[in-house]
Amino acid sequence: MKESPPGLTAAKDLVYVGDVHLDGADAHLEAFLGFLDGLRGTTGRLVFLGDLFNLWIGRRELEQPHQRAVAQQLETLRRDGMVVRYVEGNRDYRIAPAYVGSALDDATLDGVSEEFGGRRLWAIHGDLANPADRNYRRWRRVSRSSLFWVLFNLLPRKRRMRVADAIERKMRRSNRDFKRVFPEREVRAYAAGFLEQGYDTVVLGHFHVEKDLTAVAPGPQGRILVLPEWRESRRHLRVGPQGCVEFVNSV
């Protein structure tokens, strides 16, 4: 579990962004860079809930121009005093070694905790929320295994790029059936596990739909917020210093 890093500015907002899915030569890139630039002055900390790119591997030698442009913008935000955190999604692999300390303050697969505006918030990508998605879970275990990445990193760069392309195509085809209908019952059960730990707000990505759900008795009470896909919605979640939580337009 990742706790809030030190040195945060309480007077500025906490922002969550989900599922941008940028790709090479992406028409959405400039709009996204403009959105990031516009956060300066109002945002003290920025949390990405995964899938910033269609595929992001934490190896600088595999970095693409669109990824470099975003990383440089995040470095600028951090130099200005913003804290930038990253929760890996199902299209992110081992980001921390390459980007923590430059573009990011921290990066984890396991979720992050924030205490802000009188709230205790837990944020995680959400790709494990639906236990019925067995094919994806099997692929996740294989693709995140240490052996997989040891073998991957032994390959020449060009071969690794071809393997990365194959992974990206695999991810495009994966769990389509489980994204056609929002699995509300499963999401509520998944979030309840975090609410039971004392969090009052759970923030998820992954499902590409905007949801503001209220967890009610007999289970633990609280709010369950599912982030929309930024790429199409141009929406993000903003938490104010007084604890106000709302989805807002990004541009």
# chains A, B, ... in the order shown; residues from 1 in each chain; ligands from 1

$ residues_around --residues "Trp122 of chain A" --least-positions-apart "3" --cutoff "7 Å" --atoms "only C-alpha atoms" --output "list of chain:residue names"
A:Val112, A:Ser113, A:Glu114, A:Tyr199, A:Thr201, A:Val202, A:Val203

$ residues_around --residues "segment 63-77 of chain A" --least-positions-apart "2" --cutoff "9 Å" --atoms "only C-alpha atoms" --output "MDAnalysis selection string"
chainID A and resid 22:26 29 32:33 36:37 39:40 53 56:61 79:84 99 101:104

$ closest_residue --among "A:Val15, A:Ile124, A:Val251, A:Leu62" --to "Leu46 of chain A" --atoms "only C-alpha atoms"
A:Val15

$ closest_atom_pairs --of "segment 70-186 of chain A" --to "segment 213-232 of chain A" --cutoff "10 Å" --atoms "only C-alpha atoms" --output "tab-separated table"
residue	atom	partner	partner_atom	distance
A:Leu121	CA	A:Arg223	CA	9.5
A:Trp122	CA	A:Ile224	CA	9.8
A:Ala123	CA	A:Leu225	CA	9.4
A:His125	CA	A:Val226	CA	9.5
A:Gly126	CA	A:Val226	CA	9.0
A:Glu184	CA	A:Leu213	CA	9.1

$ write_last_selection --atoms "C-alpha atoms" --output "mmCIF file, in the first residue's frame"
data_model
loop_
_atom_site.group_PDB
_atom_site.id
_atom_site.type_symbol
_atom_site.label_atom_id
_atom_site.label_comp_id
_atom_site.auth_asym_id
_atom_site.auth_seq_id
_atom_site.Cartn_x
_atom_site.Cartn_y
_atom_site.Cartn_z
ATOM 1 C CA LEU A 121 -9.458 7.765 -0.234
ATOM 2 C CA TRP A 122 -8.233 4.522 -1.730
ATOM 3 C CA ALA A 123 -7.482 4.413 -5.482
ATOM 4 C CA HIS A 125 -7.099 0.600 -11.325
ATOM 5 C CA GLY A 126 -9.871 -1.976 -10.893
ATOM 6 C CA GLU A 184 -21.988 -3.022 -10.687
#

$ select_by_dssp --residues "segment 22-89 of chain A" --states "alpha helix (DSSP H)" --output "ChimeraX atom specification"
/A:29-38,65-79

$ closest_residue --among "A:Arg94, A:Lys158, A:Arg188, A:Arg180" --to "Asp106 of chain A" --atoms "only C-alpha atoms"
A:Arg94

$ atom_distance --atom1 "atom CA of Asp92 of chain A" --atom2 "atom CA of Leu55 of chain A"
6.0 Å

$ residues_around --residues "segment 135-145 of chain A" --least-positions-apart "4" --cutoff "10 Å" --atoms "only C-alpha atoms" --output "VMD selection string"
chain A and resid 90 92 to 94 127 to 128 130 to 131 149 to 150 167 170 to 171 174 to 175 178

$ select_by_dssp --residues "segment 20-239 of chain A" --states "strand (DSSP E or B)" --output "VMD selection string"
chain A and resid 22 43 to 48 53 56 to 57 83 to 87 92 to 93 100 104 106 to 108 112 to 116 119 to 124 201 to 204 211 to 215 222 to 226 235 to 239

$ decode --residues "segment 116-151 of chain A" --atoms "C-alpha atoms" --output "CSV table (one decimal), in the first residue's frame"
chain,number,residue,atom,x,y,z
A,116,PHE,CA,-7.3,14.9,2.0
A,117,GLY,CA,-10.1,17.3,2.8
A,118,GLY,CA,-11.2,15.2,5.7
A,119,ARG,CA,-11.5,12.1,3.5
A,120,ARG,CA,-9.7,8.8,3.4
A,121,LEU,CA,-9.5,7.8,-0.2
A,122,TRP,CA,-8.2,4.5,-1.7
A,123,ALA,CA,-7.5,4.4,-5.5
A,124,ILE,CA,-6.7,1.4,-7.6
A,125,HIS,CA,-7.1,0.6,-11.3
A,126,GLY,CA,-9.9,-2.0,-10.9
A,127,ASP,CA,-8.9,-4.7,-13.4
A,128,LEU,CA,-9.3,-7.3,-10.7
A,129,ALA,CA,-12.8,-6.2,-9.7
A,130,ASN,CA,-14.6,-8.8,-11.7
A,131,PRO,CA,-13.7,-12.4,-10.7
A,132,ALA,CA,-15.6,-13.8,-13.6
A,133,ASP,CA,-13.0,-12.4,-16.0
A,134,ARG,CA,-10.9,-15.5,-15.8
A,135,ASN,CA,-9.1,-15.3,-19.1
A,136,TYR,CA,-7.8,-11.9,-18.3
A,137,ARG,CA,-6.7,-13.0,-14.8
A,138,ARG,CA,-4.7,-15.8,-16.3
A,139,TRP,CA,-3.0,-13.5,-18.8
A,140,ARG,CA,-2.3,-11.0,-16.0
A,141,ARG,CA,-0.5,-13.6,-14.0
A,142,VAL,CA,1.7,-14.7,-16.9
A,143,SER,CA,2.4,-11.2,-18.3
A,144,ARG,CA,3.4,-9.9,-14.8
A,145,SER,CA,5.6,-12.7,-13.8
A,146,SER,CA,9.3,-12.1,-13.1
A,147,LEU,CA,10.3,-14.9,-15.5
A,148,PHE,CA,8.3,-13.2,-18.3
A,149,TRP,CA,10.2,-9.9,-17.8
A,150,VAL,CA,13.6,-11.6,-17.4
A,151,LEU,CA,13.2,-13.3,-20.7
